[in-house]
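Inspection log for the structure reproduced underneath, given as structure tokens.
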Amino acid sequence: MEKKFELGVIGCGFMASAIIKGIVNKKILPPEKIIVSNLQGAGFGAVEGLGVETTYDNEFLAENSAFVLLAVKPQGLDEVMCQIGNVSVEKFITILAGVKKEKIKETFPYAKVARVMPNTPCSIGCGAMGLDVSDFDEGDREFVNRLLSALGTVVLTDEKDMNAVTGISGSGPAYVYLFIKGLVEAGVRQGLSEEVAKKLAVATVIGSANMVVANPEKTLDQLIGAVCSKGGTTIEAVNTFEKYDLRGIISKAVDACVARAAELGGDVKKTLPDDDFDGVTIYTDGACSGNPGIGGWGAILMSKGKVKEISGGEMQTTNNRMELTAVISALEMLKKTCKVRIYTDSTYVADAFLQNRLKNWEQNGWVTSAKTEVKNIDLWQKLSALTEKFDCTFFKVKGHADNPFNNRCDELAVAECKRLQNYRV
């Protein structure tokens with residue numbers, strides 16, 4: 001049966017509206033061939049005036065669209081599947097981070113599914129996207145590729161690499177913005193106005209990216225070397241980046257992003273020690289009543305199928321001390337030097353490593369960038385020594401979410417608080 005719409009978009013958030021605008025503005029599809037739905041019409045203002053049809057009814061959209069583009073949050077997928085599960089949908093395109101095609105095929109076993117990971121520059125036609133269209137025949141592949149090419153650069157990839165695409169290009173704009181922000185702030189410290197520093201930083205990033213595109217025969221190392229004169233100024237900055245392991249920090253940040261993408265998709269193996277990981281995975285959490293008050297901590301150590309839970313607490317402490325103590329106590333359980341993955345929902349702990357704060361504190365005599373003394377120095381010194389002994393990589397997880405190991409650590413920490421409370425009484 002011929003469908004009224006070529007493309008139905010479920011969800012009308014920032015990315016969905018950017019995709020619709022790109023398709024309409026580049027005349028890939030006429031607006032009357034596109035329909036979009038969203039809860040209570042939220043986001044419809046972003047596509048107002050384009051001429052696309054809107055609806056509150058996901059079932060109507062699915063029934064009348066040749067391709068259904070899923071553009072909701074991963075956590076909202078189950079609700080959408082319930083709403084359209086009785087409709088015969090043959091072709092899906094999904095931009096849901098971490099969600100595998102097989103998840104959609106649990107409801108639509110005979111459907112063909114394409115996965116794409118766009119990024120926010122798609123909204124200005126300068127996006128970078130990884131695309132898996134392996135389910136589709138040649139005609140449909142060409143159609144999907146044409147739709148997305150209106151938004152920027154499309155790179156064909158396998159689904160197994162989609163979380164890596166998320167970590168590089170999907171989330172990458174935020175990394176670039178952070179680097180630009182750092183350049184601007186450094187320029188201001190050197191006496192430039194914020195406006196001048198921002199213009200210089202932005203133009204430099206754009207120009208440098210264009211240099212890579214314009215010189216495909218040159219490696220990145222060659223391009224770096226072309227800017228660095230021996231004994232000059234640039235080499236001093238580059239040496240500082242190397243000293244503080246800028247590339248290592250970037251790698252750890254991408255690792256954390258990819259791990260979160262795996263969690264969102266329910267890919268537990270990505271966050272657990274498996275046969276491919278020759279090391280120990282640790283989950284930790286802390287809790288405190290009163291802050292300061294009675295506190296507890298919990299940790300889970302896992303390696304090659306073996307699991308060990310540990311916990312403890314203090315009568316008068318803080319939540320941050322409990323978060324630190326959990327990591328320290330877990331590392332102190334290890335008998336041999338090994339690789340360690342540490343998962344914590346504590347921004348206080350994770351950012352000290354992911355944003356290099358701990359090294360900066362040590363080098364600045366345990367003084368923060370705000371010129372105040374670092375709190376919990378005794379525990380930070382202990383943890384610093386342990387992370388030097390073990391090859392540790394930190395990952396930030398969302399607290400009180402769907403991660404069973406983080407939740408279990410929280411249960412252990414709360415149980416210790418209750419135990420000490422009863423003991424005091």
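Letters A, B, ... mark the chains of the structure tokens in the order given; residue numbers begin at 1 per chain; ligand numbers begin at 1, in order shown.
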All residues 8 Å or closer to stretch 279-289 of chain A, only C-alpha atoms, same chain fewer than 6 positions away omitted, as a PyMOL selection string
chain A and resi 272-273+295-303+317-320+322-323+326-327+330+338-346+405-406+409-410+413-414+417
Test item: residues at most 7 Å from stretch 364-381 of chain A, only C-alpha atoms, excluding those fewer than 4 positions along its chain, as JSON, numbers by chain
{"A": [321, 324, 360, 385]}
Keeping only N, CA, C and O atoms, write the selected residues to a file as an mmCIF file, in the first residue's frame.
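The new file part.cif reads:
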```cif
data_model
loop_
_atom_site.group_PDB
_atom_site.id
_atom_site.type_symbol
_atom_site.label_atom_id
_atom_site.label_comp_id
_atom_site.auth_asym_id
_atom_site.auth_seq_id
_atom_site.Cartn_x
_atom_site.Cartn_y
_atom_site.Cartn_z
ATOM 1 N N ARG A 321 33.924 12.339 51.203
ATOM 2 C CA ARG A 321 34.913 11.437 51.837
ATOM 3 C C ARG A 321 34.513 9.979 51.644
ATOM 4 O O ARG A 321 35.368 9.119 51.436
ATOM 5 N N LEU A 324 35.349 8.943 48.047
ATOM 6 C CA LEU A 324 36.793 8.701 47.925
ATOM 7 C C LEU A 324 37.202 7.414 48.624
ATOM 8 O O LEU A 324 37.989 6.624 48.090
ATOM 9 N N ASN A 360 46.727 18.853 38.760
ATOM 10 C CA ASN A 360 46.862 20.291 38.952
ATOM 11 C C ASN A 360 46.941 20.652 40.434
ATOM 12 O O ASN A 360 47.732 21.508 40.826
ATOM 13 N N ALA A 385 48.443 7.961 45.026
ATOM 14 C CA ALA A 385 49.480 6.925 45.082
ATOM 15 C C ALA A 385 48.967 5.599 44.525
ATOM 16 O O ALA A 385 49.685 4.889 43.803
#
```
Which residues are near A:Ile224? Cut-off 12 Å, only C-alpha atoms, ignore same chain within fewer than 6 positions. Put them as a PyMOL selection string.
chain A and resi 208+211-212+218+234-235+237-239
Identify, on the basis of only C-alpha atoms, every residue whose closest approach to A:Leu358 does not exceed 8 Å; exclude the query and any residue fewer than 5 positions from it along the same chain; express the result as a count of residues only.
4
To one decimal in Å, tell me the separation between atom CA of A:Gly130 and atom CA of A:Ala256.
19.0 Å
Strand (DSSP E or B) residues, from DSSP on the backbone, in stretch 70-217 of chain A, as a count of residues only
22
Could you jot down the atom CA of A:Leu183 to atom CA of A:Ala197 separation for me, Å, one decimal place?
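Between atom CA of A:Leu183 and atom CA of A:Ala197 the gap is 7.5 Å.
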Who sits within 9 Å of A:Val254, only C-alpha atoms, same chain under 6 positions skipped, as a PyMOL selection string
chain A and resi 164+166-168+171-172
Go through A:Val188, A:Ile294, A:Leu386, A:Ala226 and flag the residue nearest A:Leu420, using only C-alpha atoms for the distances.
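Looking only at the distances to A:Leu420, the closest residue turns out to be A:Ile294.
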With only C-alpha atoms as the basis for distance, which of A:Leu77, A:Val144, A:Leu151, A:Val113 is at the shortest distance from A:Ile23?
A:Leu151
Report as a PyMOL selection string all protein, DNA and RNA residues lying within 9 Å of A:Gly170, evaluated on only C-alpha atoms, omitting residues in the same chain fewer than 4 positions from it.
chain A and resi 97+117-120+128-130+164-166
Could you give me, as an NGL selection string, each residue of stretch 124-277 of chain A that DSSP assigns to helix (DSSP H, G or I) when run on this structure's backbone?
:A and (124 or 138-149 or 159-170 or 172-189 or 194-214 or 220-227 or 234-243 or 246-264 or 268-271)
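Here atom CA of A:Gly51 and atom CA of A:Glu32 stand 6.4 Å from one another.
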May I have the residues within 10 Å of A:Ile104 as a PyMOL selection string, using only C-alpha atoms and disregarding those fewer than 6 positions away in the same chain?
chain A and resi 77-78+81+92+94+111-113
Output file for the selection above: N, CA, C and O atoms, as an mmCIF file, in the first residue's frame:
```cif
data_model
loop_
_atom_site.group_PDB
_atom_site.id
_atom_site.type_symbol
_atom_site.label_atom_id
_atom_site.label_comp_id
_atom_site.auth_asym_id
_atom_site.auth_seq_id
_atom_site.Cartn_x
_atom_site.Cartn_y
_atom_site.Cartn_z
ATOM 1 N N LEU A 77 12.037 4.996 24.150
ATOM 2 C CA LEU A 77 11.778 4.073 23.045
ATOM 3 C C LEU A 77 10.692 3.060 23.379
ATOM 4 O O LEU A 77 9.822 2.779 22.544
ATOM 5 N N ASP A 78 10.704 2.502 24.581
ATOM 6 C CA ASP A 78 9.726 1.468 24.938
ATOM 7 C C ASP A 78 8.299 2.004 24.823
ATOM 8 O O ASP A 78 7.398 1.301 24.333
ATOM 9 N N MET A 81 7.374 2.199 21.154
ATOM 10 C CA MET A 81 7.124 0.871 20.593
ATOM 11 C C MET A 81 5.743 0.354 20.991
ATOM 12 O O MET A 81 5.062 -0.305 20.202
ATOM 13 N N PHE A 92 12.728 1.570 9.301
ATOM 14 C CA PHE A 92 13.042 2.517 10.367
ATOM 15 C C PHE A 92 14.405 3.167 10.119
ATOM 16 O O PHE A 92 15.323 2.530 9.581
ATOM 17 N N THR A 94 16.939 5.228 12.853
ATOM 18 C CA THR A 94 17.020 5.606 14.257
ATOM 19 C C THR A 94 18.275 6.420 14.535
ATOM 20 O O THR A 94 19.351 6.098 14.031
ATOM 21 N N ALA A 111 11.109 -5.803 10.173
ATOM 22 C CA ALA A 111 11.436 -4.455 9.695
ATOM 23 C C ALA A 111 12.923 -4.347 9.348
ATOM 24 O O ALA A 111 13.768 -5.063 9.881
ATOM 25 N N LYS A 112 13.223 -3.428 8.433
ATOM 26 C CA LYS A 112 14.600 -3.073 8.117
ATOM 27 C C LYS A 112 14.933 -1.792 8.872
ATOM 28 O O LYS A 112 14.124 -0.862 8.903
ATOM 29 N N VAL A 113 16.123 -1.772 9.489
ATOM 30 C CA VAL A 113 16.476 -0.646 10.363
ATOM 31 C C VAL A 113 17.827 -0.068 9.960
ATOM 32 O O VAL A 113 18.798 -0.810 9.781
#
```
